[in-house]
$ cat final-v2.cif   # mmCIF, C-alpha atoms and all ligand atoms
data_target
loop_
_atom_site.group_PDB
_atom_site.id
_atom_site.type_symbol
_atom_site.label_atom_id
_atom_site.label_comp_id
_atom_site.auth_asym_id
_atom_site.auth_seq_id
_atom_site.Cartn_x
_atom_site.Cartn_y
_atom_site.Cartn_z
ATOM 1 C CA MET A 1 20.531 223.926 167.395
ATOM 2 C CA GLN A 2 20.062 220.803 165.284
ATOM 3 C CA ARG A 3 23.312 220.905 163.297
ATOM 4 C CA PHE A 4 23.431 217.107 162.899
ATOM 5 C CA GLU A 5 19.870 216.428 161.799
ATOM 6 C CA ASN A 6 19.904 213.889 158.938
ATOM 7 C CA LYS A 7 23.593 213.185 159.653
ATOM 8 C CA VAL A 8 25.222 209.938 160.689
ATOM 9 C CA VAL A 9 28.111 210.285 163.133
ATOM 10 C CA LEU A 10 30.583 207.551 164.073
ATOM 11 C CA ILE A 11 32.480 208.104 167.326
ATOM 12 C CA THR A 12 35.290 205.883 168.644
ATOM 13 C CA GLY A 13 36.098 205.668 172.332
ATOM 14 C CA ALA A 14 32.442 206.491 172.956
ATOM 15 C CA GLY A 15 32.208 204.318 176.067
ATOM 16 C CA SER A 16 33.754 206.907 178.363
ATOM 17 C CA GLY A 17 34.934 210.468 178.899
ATOM 18 C CA ILE A 18 35.217 212.772 175.886
ATOM 19 C CA GLY A 19 33.707 210.234 173.472
ATOM 20 C CA ARG A 20 30.636 209.792 175.656
ATOM 21 C CA ALA A 21 30.150 213.550 176.042
ATOM 22 C CA THR A 22 30.515 213.930 172.261
ATOM 23 C CA ALA A 23 27.897 211.228 171.643
ATOM 24 C CA ILE A 24 25.442 212.992 173.957
ATOM 25 C CA ARG A 25 26.141 216.372 172.319
ATOM 26 C CA MET A 26 25.783 215.029 168.778
ATOM 27 C CA ALA A 27 22.560 213.157 169.586
ATOM 28 C CA THR A 28 21.160 216.252 171.284
ATOM 29 C CA GLU A 29 21.793 218.088 168.007
ATOM 30 C CA GLY A 30 19.937 215.433 166.005
ATOM 31 C CA ALA A 31 22.657 212.952 164.942
ATOM 32 C CA ARG A 32 22.112 209.272 164.344
ATOM 33 C CA LEU A 33 25.027 207.455 165.931
ATOM 34 C CA MET A 34 27.416 204.533 165.521
ATOM 35 C CA LEU A 35 29.289 204.299 168.818
ATOM 36 C CA VAL A 36 32.500 202.277 169.047
ATOM 37 C CA ASP A 37 34.571 201.225 172.031
ATOM 38 C CA ARG A 38 36.380 198.188 173.373
ATOM 39 C CA SER A 39 34.180 198.323 176.472
ATOM 40 C CA GLU A 40 30.644 196.985 175.992
ATOM 41 C CA GLU A 41 29.605 198.145 179.441
ATOM 42 C CA GLY A 42 30.882 201.651 178.689
ATOM 43 C CA LEU A 43 28.926 201.770 175.429
ATOM 44 C CA GLN A 44 25.718 200.694 177.144
ATOM 45 C CA HIS A 45 26.238 203.304 179.823
ATOM 46 C CA THR A 46 26.646 205.959 177.108
ATOM 47 C CA ARG A 47 23.496 204.761 175.327
ATOM 48 C CA ASP A 48 21.579 205.096 178.610
ATOM 49 C CA GLN A 49 22.525 208.783 178.779
ATOM 50 C CA LEU A 50 21.437 209.732 175.261
ATOM 51 C CA PRO A 51 18.312 211.857 174.820
ATOM 52 C CA ALA A 52 15.084 209.869 174.459
ATOM 53 C CA GLY A 53 14.471 208.663 170.919
ATOM 54 C CA ALA A 54 18.113 208.915 169.818
ATOM 55 C CA GLU A 55 18.990 206.422 167.079
ATOM 56 C CA VAL A 56 22.136 204.527 168.001
ATOM 57 C CA LEU A 57 24.143 201.421 167.116
ATOM 58 C CA LEU A 58 26.902 200.080 169.375
ATOM 59 C CA ARG A 59 29.994 198.163 168.241
ATOM 60 C CA MET A 60 32.597 196.695 170.542
ATOM 61 C CA LEU A 61 35.936 196.499 168.740
ATOM 62 C CA ASP A 62 39.607 197.395 168.862
ATOM 63 C CA VAL A 63 40.294 200.412 166.637
ATOM 64 C CA SER A 64 43.675 198.987 165.640
ATOM 65 C CA ASP A 65 42.070 195.874 164.097
ATOM 66 C CA GLU A 66 41.734 196.683 160.386
ATOM 67 C CA ALA A 67 39.188 193.965 159.568
ATOM 68 C CA ALA A 68 36.955 195.064 162.462
ATOM 69 C CA VAL A 69 37.200 198.716 161.428
ATOM 70 C CA GLU A 70 36.313 197.943 157.799
ATOM 71 C CA LEU A 71 33.329 195.852 158.929
ATOM 72 C CA CYS A 72 32.133 198.553 161.323
ATOM 73 C CA VAL A 73 32.139 201.209 158.593
ATOM 74 C CA ALA A 74 30.337 198.806 156.224
ATOM 75 C CA GLU A 75 27.707 198.055 158.891
ATOM 76 C CA THR A 76 27.178 201.767 159.507
ATOM 77 C CA ILE A 77 26.533 202.349 155.813
ATOM 78 C CA SER A 78 24.347 199.283 155.388
ATOM 79 C CA HIS A 79 22.187 200.321 158.379
ATOM 80 C CA TYR A 80 21.965 204.085 157.883
ATOM 81 C CA GLY A 81 22.816 204.375 154.164
ATOM 82 C CA GLN A 82 25.356 207.152 154.830
ATOM 83 C CA LEU A 83 28.252 208.310 157.002
ATOM 84 C CA ASP A 84 28.766 212.045 157.415
ATOM 85 C CA VAL A 85 31.016 212.585 160.428
ATOM 86 C CA LEU A 86 33.829 210.535 161.940
ATOM 87 C CA CYS A 87 35.221 211.336 165.399
ATOM 88 C CA ASN A 88 38.481 209.433 165.915
ATOM 89 C CA ASN A 89 38.593 209.751 169.660
ATOM 90 C CA ALA A 90 39.668 206.394 171.165
ATOM 91 C CA GLY A 91 43.070 206.535 172.795
ATOM 92 C CA ILE A 92 45.237 205.077 175.512
ATOM 93 C CA ALA A 93 47.847 206.730 177.704
ATOM 94 C CA GLY A 94 50.294 205.088 180.024
ATOM 95 C CA GLY A 95 53.591 203.702 178.951
ATOM 96 C CA ASP A 96 56.949 204.587 180.347
ATOM 97 C CA TYR A 97 57.212 207.950 182.029
ATOM 98 C CA GLY A 98 60.999 207.723 182.290
ATOM 99 C CA THR A 99 63.500 209.231 179.869
ATOM 100 C CA VAL A 100 64.127 207.988 176.345
ATOM 101 C CA GLN A 101 66.655 205.590 177.837
ATOM 102 C CA ASP A 102 63.893 203.781 179.738
ATOM 103 C CA GLN A 103 61.553 203.200 176.794
ATOM 104 C CA ASN A 104 60.112 199.822 175.921
ATOM 105 C CA LEU A 105 59.408 198.947 172.282
ATOM 106 C CA GLU A 106 56.393 196.770 173.036
ATOM 107 C CA THR A 107 54.710 199.609 174.920
ATOM 108 C CA TRP A 108 55.398 202.005 172.055
ATOM 109 C CA GLN A 109 53.894 199.562 169.561
ATOM 110 C CA GLN A 110 50.744 199.208 171.668
ATOM 111 C CA ILE A 111 50.253 202.969 172.082
ATOM 112 C CA ILE A 112 51.031 203.822 168.448
ATOM 113 C CA SER A 113 48.712 201.025 167.252
ATOM 114 C CA VAL A 114 45.695 202.406 169.083
ATOM 115 C CA ASN A 115 46.379 206.154 169.008
ATOM 116 C CA LEU A 116 47.710 206.445 165.452
ATOM 117 C CA TYR A 117 46.838 203.345 163.413
ATOM 118 C CA GLY A 118 43.280 203.417 164.785
ATOM 119 C CA VAL A 119 42.860 206.990 163.494
ATOM 120 C CA MET A 120 44.372 206.106 160.122
ATOM 121 C CA LEU A 121 42.213 202.969 159.689
ATOM 122 C CA PHE A 122 38.867 204.613 160.414
ATOM 123 C CA THR A 123 39.853 207.574 158.205
ATOM 124 C CA LYS A 124 40.772 205.196 155.379
ATOM 125 C CA TYR A 125 37.408 203.393 155.319
ATOM 126 C CA ALA A 126 35.082 206.225 156.354
ATOM 127 C CA SER A 127 36.527 208.678 153.821
ATOM 128 C CA ARG A 128 35.751 206.298 150.942
ATOM 129 C CA GLN A 129 32.058 206.628 151.754
ATOM 130 C CA MET A 130 32.321 210.382 152.345
ATOM 131 C CA GLU A 131 33.959 210.739 148.934
ATOM 132 C CA LYS A 132 30.960 208.977 147.351
ATOM 133 C CA GLN A 133 28.633 211.369 149.209
ATOM 134 C CA GLY A 134 30.681 214.391 148.089
ATOM 135 C CA LYS A 135 31.112 215.678 151.635
ATOM 136 C CA GLY A 136 32.362 214.700 155.080
ATOM 137 C CA ALA A 137 33.964 215.871 158.294
ATOM 138 C CA ILE A 138 36.536 214.085 160.431
ATOM 139 C CA VAL A 139 37.667 215.228 163.867
ATOM 140 C CA ASN A 140 40.623 213.537 165.539
ATOM 141 C CA THR A 141 41.274 213.780 169.272
ATOM 142 C CA ALA A 142 44.990 214.526 169.636
ATOM 143 C CA SER A 143 46.395 216.152 172.796
ATOM 144 C CA VAL A 144 48.449 219.043 174.107
ATOM 145 C CA ALA A 145 50.980 216.244 174.645
ATOM 146 C CA GLY A 146 51.423 216.253 170.866
ATOM 147 C CA ILE A 147 52.363 219.956 170.922
ATOM 148 C CA ARG A 148 54.674 220.208 173.953
ATOM 149 C CA SER A 149 56.491 217.755 176.182
ATOM 150 C CA GLY A 150 55.496 217.234 179.787
ATOM 151 C CA ALA A 151 51.876 216.137 179.397
ATOM 152 C CA GLY A 152 52.366 212.395 178.991
ATOM 153 C CA GLY A 153 54.878 209.638 178.427
ATOM 154 C CA ASN A 154 57.199 209.709 175.395
ATOM 155 C CA ALA A 155 55.192 207.206 173.356
ATOM 156 C CA TYR A 156 51.880 208.914 174.088
ATOM 157 C CA SER A 157 53.270 212.327 173.135
ATOM 158 C CA ALA A 158 54.812 210.991 169.916
ATOM 159 C CA SER A 159 51.547 209.255 168.997
ATOM 160 C CA LYS A 160 49.570 212.484 169.467
ATOM 161 C CA ALA A 161 52.101 214.573 167.513
ATOM 162 C CA ALA A 162 51.648 212.023 164.737
ATOM 163 C CA VAL A 163 47.861 212.425 164.916
ATOM 164 C CA ILE A 164 48.267 216.205 164.493
ATOM 165 C CA ASN A 165 50.439 215.697 161.419
ATOM 166 C CA PHE A 166 48.160 212.985 160.039
ATOM 167 C CA THR A 167 45.306 215.463 160.416
ATOM 168 C CA MET A 168 47.173 217.799 158.054
ATOM 169 C CA THR A 169 48.206 215.158 155.525
ATOM 170 C CA SER A 170 44.742 213.610 155.368
ATOM 171 C CA ALA A 171 43.151 217.074 155.104
ATOM 172 C CA CYS A 172 45.349 217.600 152.028
ATOM 173 C CA ASP A 173 44.514 214.159 150.614
ATOM 174 C CA LEU A 174 40.777 214.595 151.088
ATOM 175 C CA GLY A 175 40.143 218.314 150.637
ATOM 176 C CA SER A 176 39.384 218.000 146.922
ATOM 177 C CA HIS A 177 36.559 215.583 147.842
ATOM 178 C CA ASN A 178 35.049 218.189 150.178
ATOM 179 C CA ILE A 179 36.075 216.177 153.235
ATOM 180 C CA ARG A 180 37.412 218.317 156.088
ATOM 181 C CA VAL A 181 39.839 216.877 158.650
ATOM 182 C CA ASN A 182 40.648 218.660 161.899
ATOM 183 C CA ALA A 183 41.885 217.810 165.376
ATOM 184 C CA VAL A 184 41.249 218.909 168.924
ATOM 185 C CA CYS A 185 44.093 218.937 171.431
ATOM 186 C CA PRO A 186 42.647 218.581 174.915
ATOM 187 C CA GLY A 187 44.508 219.753 177.972
ATOM 188 C CA LEU A 188 43.805 218.102 181.333
ATOM 189 C CA ILE A 189 40.218 216.804 181.313
ATOM 190 C CA GLU A 190 38.583 214.684 183.998
ATOM 191 C CA THR A 191 37.810 211.321 182.331
ATOM 192 C CA GLY A 192 38.470 207.617 182.771
ATOM 193 C CA MET A 193 41.971 208.106 181.383
ATOM 194 C CA THR A 194 42.951 210.715 183.968
ATOM 195 C CA LYS A 195 41.083 209.136 186.910
ATOM 196 C CA PRO A 196 44.322 208.002 188.626
ATOM 197 C CA VAL A 197 45.653 211.588 188.519
ATOM 198 C CA PHE A 198 42.435 212.997 189.986
ATOM 199 C CA ASP A 199 42.143 210.223 192.573
ATOM 200 C CA TYR A 200 45.711 210.818 193.704
ATOM 201 C CA ALA A 201 45.278 214.596 193.884
ATOM 202 C CA ARG A 202 42.022 214.331 195.863
ATOM 203 C CA ALA A 203 43.424 211.749 198.243
ATOM 204 C CA ASN A 204 46.390 214.017 198.930
ATOM 205 C CA ASP A 205 44.492 217.296 199.225
ATOM 206 C CA LYS A 206 46.029 218.601 195.992
ATOM 207 C CA GLU A 207 42.923 219.044 193.842
ATOM 208 C CA GLN A 208 43.427 222.812 193.650
ATOM 209 C CA LYS A 209 46.723 222.152 191.855
ATOM 210 C CA LEU A 210 45.025 220.355 188.959
ATOM 211 C CA GLY A 211 44.880 222.732 186.024
ATOM 212 C CA ALA A 212 46.287 225.554 188.162
ATOM 213 C CA ARG A 213 49.008 226.236 185.582
ATOM 214 C CA CYS A 214 46.446 226.775 182.807
ATOM 215 C CA GLU A 215 45.590 230.394 182.031
ATOM 216 C CA LEU A 216 41.970 229.687 183.059
ATOM 217 C CA ARG A 217 43.312 228.207 186.349
ATOM 218 C CA ARG A 218 41.255 225.037 186.138
ATOM 219 C CA TYR A 219 41.044 221.655 184.460
ATOM 220 C CA GLY A 220 38.482 220.940 181.754
ATOM 221 C CA ARG A 221 35.264 218.930 181.457
ATOM 222 C CA PRO A 222 34.491 216.371 178.718
ATOM 223 C CA GLU A 223 31.518 218.534 177.630
ATOM 224 C CA GLU A 224 33.939 221.353 176.794
ATOM 225 C CA LEU A 225 35.688 219.050 174.336
ATOM 226 C CA ALA A 226 32.382 217.832 172.950
ATOM 227 C CA GLY A 227 31.471 221.432 172.110
ATOM 228 C CA ALA A 228 34.719 221.972 170.193
ATOM 229 C CA ILE A 229 34.421 218.629 168.390
ATOM 230 C CA ALA A 230 30.815 219.383 167.417
ATOM 231 C CA PHE A 231 31.872 222.785 166.058
ATOM 232 C CA LEU A 232 34.631 221.295 163.884
ATOM 233 C CA ALA A 233 32.308 218.501 162.687
ATOM 234 C CA SER A 234 29.513 220.919 161.815
ATOM 235 C CA ASP A 235 28.910 223.231 158.869
ATOM 236 C CA ASP A 236 29.802 226.121 161.197
ATOM 237 C CA ALA A 237 33.388 225.089 160.420
ATOM 238 C CA SER A 238 32.748 224.659 156.682
ATOM 239 C CA TYR A 239 35.970 226.493 155.692
ATOM 240 C CA VAL A 240 38.206 224.970 158.402
ATOM 241 C CA THR A 241 40.428 222.014 157.560
ATOM 242 C CA GLY A 242 43.867 220.693 158.495
ATOM 243 C CA GLN A 243 43.810 222.481 161.863
ATOM 244 C CA ALA A 244 44.590 221.374 165.405
ATOM 245 C CA LEU A 245 42.583 223.331 167.956
ATOM 246 C CA ALA A 246 43.959 223.358 171.500
ATOM 247 C CA VAL A 247 41.103 223.081 174.008
ATOM 248 C CA ASP A 248 43.263 223.460 177.063
ATOM 249 C CA GLY A 249 42.348 226.510 179.123
ATOM 250 C CA GLY A 250 45.256 228.370 177.531
ATOM 251 C CA ASN A 251 47.875 225.895 178.688
ATOM 252 C CA THR A 252 49.851 225.746 175.439
ATOM 253 C CA ALA A 253 49.560 229.517 174.950
ATOM 254 C CA SER A 254 51.850 230.114 177.906
ATOM 255 C CA LEU A 255 55.507 229.533 178.713
ATOM 256 C CA ASN A 256 54.100 228.368 182.020
ATOM 257 C CA LEU A 257 57.127 229.237 184.116
ATOM 258 C CA PRO A 258 56.817 227.652 187.566
ATOM 259 C CA GLY A 259 56.350 230.130 190.387
ATOM 260 C CA MET A 260 55.557 233.064 188.051
ATOM 261 C CA LYS A 261 51.781 232.997 188.432
ATOM 262 C CA VAL A 262 49.542 234.503 191.060
HETATM 263 P P1 LIG A 301 38.685 207.595 178.476
HETATM 264 O O1 LIG A 301 37.685 208.071 179.448
HETATM 265 O O2 LIG A 301 39.629 206.509 178.895
HETATM 266 O O3 LIG A 301 37.955 207.210 177.115
HETATM 267 C C1 LIG A 301 38.631 206.560 176.066
HETATM 268 C C2 LIG A 301 37.807 205.382 175.600
HETATM 269 O O4 LIG A 301 38.470 204.763 174.475
HETATM 270 C C3 LIG A 301 37.692 204.310 176.680
HETATM 271 O O5 LIG A 301 36.370 203.824 176.772
HETATM 272 C C4 LIG A 301 38.658 203.258 176.186
HETATM 273 O O6 LIG A 301 38.383 201.961 176.644
HETATM 274 C C5 LIG A 301 38.454 203.356 174.693
HETATM 275 N N1 LIG A 301 39.546 202.682 173.974
HETATM 276 C C6 LIG A 301 40.846 202.624 174.313
HETATM 277 N N2 LIG A 301 41.523 201.875 173.459
HETATM 278 C C7 LIG A 301 40.630 201.447 172.533
HETATM 279 C C8 LIG A 301 40.727 200.610 171.402
HETATM 280 N N3 LIG A 301 41.899 200.048 171.060
HETATM 281 N N4 LIG A 301 39.616 200.365 170.671
HETATM 282 C C9 LIG A 301 38.424 200.902 171.038
HETATM 283 N N5 LIG A 301 38.269 201.684 172.118
HETATM 284 C C10 LIG A 301 39.367 201.950 172.867
HETATM 285 O O7 LIG A 301 39.643 208.797 178.081
HETATM 286 P P2 LIG A 301 39.358 210.232 177.422
HETATM 287 O O8 LIG A 301 40.161 211.176 178.184
HETATM 288 O O9 LIG A 301 37.924 210.463 177.204
HETATM 289 O O10 LIG A 301 40.100 210.004 176.037
HETATM 290 C C11 LIG A 301 39.545 210.357 174.777
HETATM 291 C C12 LIG A 301 40.664 210.891 173.913
HETATM 292 O O11 LIG A 301 41.121 212.129 174.486
HETATM 293 C C13 LIG A 301 41.901 209.998 173.851
HETATM 294 O O12 LIG A 301 42.368 209.952 172.512
HETATM 295 C C14 LIG A 301 42.892 210.698 174.728
HETATM 296 O O13 LIG A 301 44.221 210.424 174.375
HETATM 297 C C15 LIG A 301 42.527 212.151 174.498
HETATM 298 N N6 LIG A 301 42.987 213.081 175.524
HETATM 299 C C16 LIG A 301 42.497 213.051 176.789
HETATM 300 C C17 LIG A 301 42.961 213.987 177.716
HETATM 301 C C18 LIG A 301 42.468 214.018 179.137
HETATM 302 O O14 LIG A 301 42.983 214.800 179.943
HETATM 303 N N7 LIG A 301 41.490 213.215 179.503
HETATM 304 C C19 LIG A 301 43.922 214.930 177.347
HETATM 305 C C20 LIG A 301 44.389 214.923 176.055
HETATM 306 C C21 LIG A 301 43.908 214.007 175.134
HETATM 307 P P3 LIG A 301 39.161 201.467 177.979
HETATM 308 O O15 LIG A 301 38.535 202.225 179.111
HETATM 309 O O16 LIG A 301 38.922 200.014 177.999
HETATM 310 O O17 LIG A 301 40.608 201.837 177.795
#
$ encode --input "final-v2.cif" --output "structure tokens" --more "lines below"
Ligand code: NAP
Amino acid sequence: MQRFENKVVLITGAGSGIGRATAIRMATEGARLMLVDRSEEGLQHTRDQLPAGAEVLLRMLDVSDEAAVELCVAETISHYGQLDVLCNNAGIAGGDYGTVQDQNLETWQQIISVNLYGVMLFTKYASRQMEKQGKGAIVNTASVAGIRSGAGGNAYSASKAAVINFTMTSACDLGSHNIRVNAVCPGLIETGMTKPVFDYARANDKEQKLGARCELRRYGRPEELAGAIAFLASDDASYVTGQALAVDGGNTASLNLPGMKV
């Protein structure tokens, strides 16, 4: 399948995990890429894994820096002459895992800046070009944490719930320009972000517990997200917009009562 031949795809958070897998998937399907991350080393590592001959530009920036985002979109257009797909994937977790009474405003501001403002800023500038082209697709990486509690700290969960709602509001804003906006909501996926969880589980002989409460009884791989993102970004999803697709092994489909599964 070459669904992204003659398409230019910009992916944030492409220096690791889901963003890297998405870059490889898109390039394999013919895309020309603008890859963004705050880690230069991560971006270079991603570039090294792309199929031979893939056209790619790398930009190291912070997605919450409006001037840098505007410049990056302008550079994409000046180099490639077009921008067809935006994958707003960069994100940070962490923060305070205590109750609401333990929350710290500075931490909230940091998480909301990256996870929400970063998505809004790239959507703002990329969609202007897509409007000129008369077509575009945007896929935001939210999280199951934005659907239910218990999958991240309070700030992280709130930021991802906001991304899901922003996906709907921007889909409504941009639909008349033939720009589709959707989100994926990953469950537990082994990436840089979740490395501490996996390291801890493996060190304590608890790996079999990871993902065990999902209906598929396992955690997910970045490539499984890349497949869902590529679908939503492609013309195969030409009549899908404003949706948040859980890619979580069935985790959010279940009440997940402890001790009730075999
Ligand atoms: P990852 O391996 O940590 O990849 C995220 C990448 O984004 C990293 O290279 C990170 O750089 C970069 N990044 C972070 N803040 C940035 C910023 N301000 N500007 C530019 N780049 C920035 O994690 P991942 O799991 O692939 O995460 C991708 C997305 O999936 C995130 O939005 C995350 O919230 C979401 N997600 C992941 C899971 C999961 O289980 N892994 C579940 C649900 C949702 P640094 O390494 O320097 O931070």
$ closest_residue --input "final-v2.cif" --among "A:Met260, A:Ile147, A:Ile189, A:Leu61" --to "Ala226 in chain A" --atoms "all atoms listed in the file"
A:Ile189
$ closest_residue --input "final-v2.cif" --among "A:Arg180, A:Lys195, A:Lys135, A:Lys7" --to "ligand LIG 301 (chain A)" --atoms "all atoms listed in the file"
A:Lys195
$ residues_near_ligand --input "final-v2.cif" --ligand "ligand LIG 301 (chain A)" --cutoff "8 Å" --atoms "all atoms listed in the file" --output "compact mmCIF listing (two decimals) with C-alpha atoms, keeping the file's coordinate frame"
# COMPACT_ATOMS: atom_id res chain seq x y z
CA THR A 12 35.29 205.88 168.64
CA GLY A 13 36.10 205.67 172.33
CA ALA A 14 32.44 206.49 172.96
CA GLY A 15 32.21 204.32 176.07
CA SER A 16 33.75 206.91 178.36
CA GLY A 17 34.93 210.47 178.90
CA ILE A 18 35.22 212.77 175.89
CA GLY A 19 33.71 210.23 173.47
CA ARG A 20 30.64 209.79 175.66
CA VAL A 36 32.50 202.28 169.05
CA ASP A 37 34.57 201.22 172.03
CA ARG A 38 36.38 198.19 173.37
CA SER A 39 34.18 198.32 176.47
CA GLY A 42 30.88 201.65 178.69
CA LEU A 43 28.93 201.77 175.43
CA MET A 60 32.60 196.70 170.54
CA LEU A 61 35.94 196.50 168.74
CA ASP A 62 39.61 197.40 168.86
CA VAL A 63 40.29 200.41 166.64
CA SER A 64 43.68 198.99 165.64
CA ASN A 88 38.48 209.43 165.92
CA ASN A 89 38.59 209.75 169.66
CA ALA A 90 39.67 206.39 171.16
CA GLY A 91 43.07 206.54 172.80
CA ILE A 92 45.24 205.08 175.51
CA ALA A 93 47.85 206.73 177.70
CA SER A 113 48.71 201.02 167.25
CA VAL A 114 45.70 202.41 169.08
CA ASN A 115 46.38 206.15 169.01
CA GLY A 118 43.28 203.42 164.78
CA THR A 141 41.27 213.78 169.27
CA ALA A 142 44.99 214.53 169.64
CA SER A 143 46.40 216.15 172.80
CA VAL A 144 48.45 219.04 174.11
CA ALA A 145 50.98 216.24 174.64
CA TYR A 156 51.88 208.91 174.09
CA LYS A 160 49.57 212.48 169.47
CA CYS A 185 44.09 218.94 171.43
CA PRO A 186 42.65 218.58 174.92
CA GLY A 187 44.51 219.75 177.97
CA LEU A 188 43.80 218.10 181.33
CA ILE A 189 40.22 216.80 181.31
CA GLU A 190 38.58 214.68 184.00
CA THR A 191 37.81 211.32 182.33
CA GLY A 192 38.47 207.62 182.77
CA MET A 193 41.97 208.11 181.38
CA THR A 194 42.95 210.72 183.97
CA GLY A 220 38.48 220.94 181.75
CA PRO A 222 34.49 216.37 178.72
$ residues_around --input "final-v2.cif" --residues "Gly94 in chain A" --least-positions-apart "3" --cutoff "12 Å" --atoms "all atoms listed in the file" --output "list in words"
Gly91, Tyr97, Gly98, Gln103, Asn104, Thr107, Trp108, Gln110, Ile111, Ile112, Asn115, Ala151, Gly152, Gly153, Asn154, Ala155, Tyr156, Ser157, Ser159, Met193, Thr194, Pro196 and Val197 of chain A
$ residues_around --input "final-v2.cif" --residues "Ala27 in chain A" --least-positions-apart "5" --cutoff "8 Å" --atoms "only C-alpha atoms" --output "list in words"
Phe4, Arg32, Leu33, Leu50, Pro51 and Ala54 of chain A
$ resolve_selection --input "final-v2.cif" --expression "the PyMOL selection byres (((chain A and resi 171) around 8) and not hetatm)" --output "PyMOL selection string"
chain A and resi 167-170+172-175+179-182+241-242
$ write_last_selection --input "final-v2.cif" --atoms "C-alpha atoms" --output "mmCIF file, keeping the file's coordinate frame"
data_model
loop_
_atom_site.group_PDB
_atom_site.id
_atom_site.type_symbol
_atom_site.label_atom_id
_atom_site.label_comp_id
_atom_site.auth_asym_id
_atom_site.auth_seq_id
_atom_site.Cartn_x
_atom_site.Cartn_y
_atom_site.Cartn_z
ATOM 1 C CA THR A 167 45.306 215.463 160.416
ATOM 2 C CA MET A 168 47.173 217.799 158.054
ATOM 3 C CA THR A 169 48.206 215.158 155.525
ATOM 4 C CA SER A 170 44.742 213.610 155.368
ATOM 5 C CA CYS A 172 45.349 217.600 152.028
ATOM 6 C CA ASP A 173 44.514 214.159 150.614
ATOM 7 C CA LEU A 174 40.777 214.595 151.088
ATOM 8 C CA GLY A 175 40.143 218.314 150.637
ATOM 9 C CA ILE A 179 36.075 216.177 153.235
ATOM 10 C CA ARG A 180 37.412 218.317 156.088
ATOM 11 C CA VAL A 181 39.839 216.877 158.650
ATOM 12 C CA ASN A 182 40.648 218.660 161.899
ATOM 13 C CA THR A 241 40.428 222.014 157.560
ATOM 14 C CA GLY A 242 43.867 220.693 158.495
#
$ atom_distance --input "final-v2.cif" --atom1 "CA of Phe231 in chain A" --atom2 "CA of Gly134 in chain A"
19.9 Å
$ axis_aligned_box --input "final-v2.cif" --around "range 26-41 of chain A" --padding-each-side "3 Å" --output "JSON"
{"center_x": 28.2, "center_y": 207.5, "center_z": 171.9, "size_x": 22.4, "size_y": 27.1, "size_z": 21.1}
$ residues_around --input "final-v2.cif" --residues "Leu232 in chain A" --least-positions-apart "2" --cutoff "9 Å" --atoms "all atoms listed in the file" --output "NGL selection string"
:A and (137-139 or 180-184 or 227-230 or 234-238 or 240-241)
$ atom_distance --input "final-v2.cif" --atom1 "CA of Leu216 in chain A" --atom2 "CA of Val247 in chain A"
11.2 Å
$ atom_distance --input "final-v2.cif" --atom1 "CA of Arg217 in chain A" --atom2 "CA of Ser149 in chain A"
19.7 Å
$ closest_residue --input "final-v2.cif" --among "A:Leu210, A:Ile24, A:Met120, A:Met34" --to "Glu66 in chain A" --atoms "all atoms listed in the file"
A:Met120
$ closest_residue --input "final-v2.cif" --among "A:Lys124, A:Arg202, A:Arg59, A:Arg148" --to "Ile11 in chain A" --atoms "all atoms listed in the file"
A:Arg59
$ resolve_selection --input "final-v2.cif" --expression "the PyMOL selection byres (((chain A and resi 84) around 8) and not hetatm)" --output "list in words"
Lys7, Val8, Val9, Gln82, Leu83, Val85, Leu86, Met130, Lys135, Gly136 and Ala137 of chain A
$ write_last_selection --input "final-v2.cif" --atoms "C-alpha atoms" --output "PDB file, keeping the file's coordinate frame"
ATOM      1  CA  LYS A   7      23.593 213.185 159.653  1.00  0.00           C
ATOM      2  CA  VAL A   8      25.222 209.938 160.689  1.00  0.00           C
ATOM      3  CA  VAL A   9      28.111 210.285 163.133  1.00  0.00           C
ATOM      4  CA  GLN A  82      25.356 207.152 154.830  1.00  0.00           C
ATOM      5  CA  LEU A  83      28.252 208.310 157.002  1.00  0.00           C
ATOM      6  CA  VAL A  85      31.016 212.585 160.428  1.00  0.00           C
ATOM      7  CA  LEU A  86      33.829 210.535 161.940  1.00  0.00           C
ATOM      8  CA  MET A 130      32.321 210.382 152.345  1.00  0.00           C
ATOM      9  CA  LYS A 135      31.112 215.678 151.635  1.00  0.00           C
ATOM     10  CA  GLY A 136      32.362 214.700 155.080  1.00  0.00           C
ATOM     11  CA  ALA A 137      33.964 215.871 158.294  1.00  0.00           C
TER      12      ALA A 137
END
$ closest_residue --input "final-v2.cif" --among "A:Leu35, A:Ala126, A:Val56, A:Leu121" --to "Ile77 in chain A" --atoms "all atoms listed in the file"
A:Ala126
$ resolve_selection --input "final-v2.cif" --expression "the PyMOL selection byres (((chain A and resi 256) around 12) and not hetatm)" --output "VMD selection string"
chain A and resid 148 150 211 to 215 217 250 to 255 257 to 262
$ closest_residue --input "final-v2.cif" --among "A:Asp248, A:Glu75, A:Asp96, A:Glu40" --to "Gln129 in chain A" --atoms "all atoms listed in the file"
A:Glu75
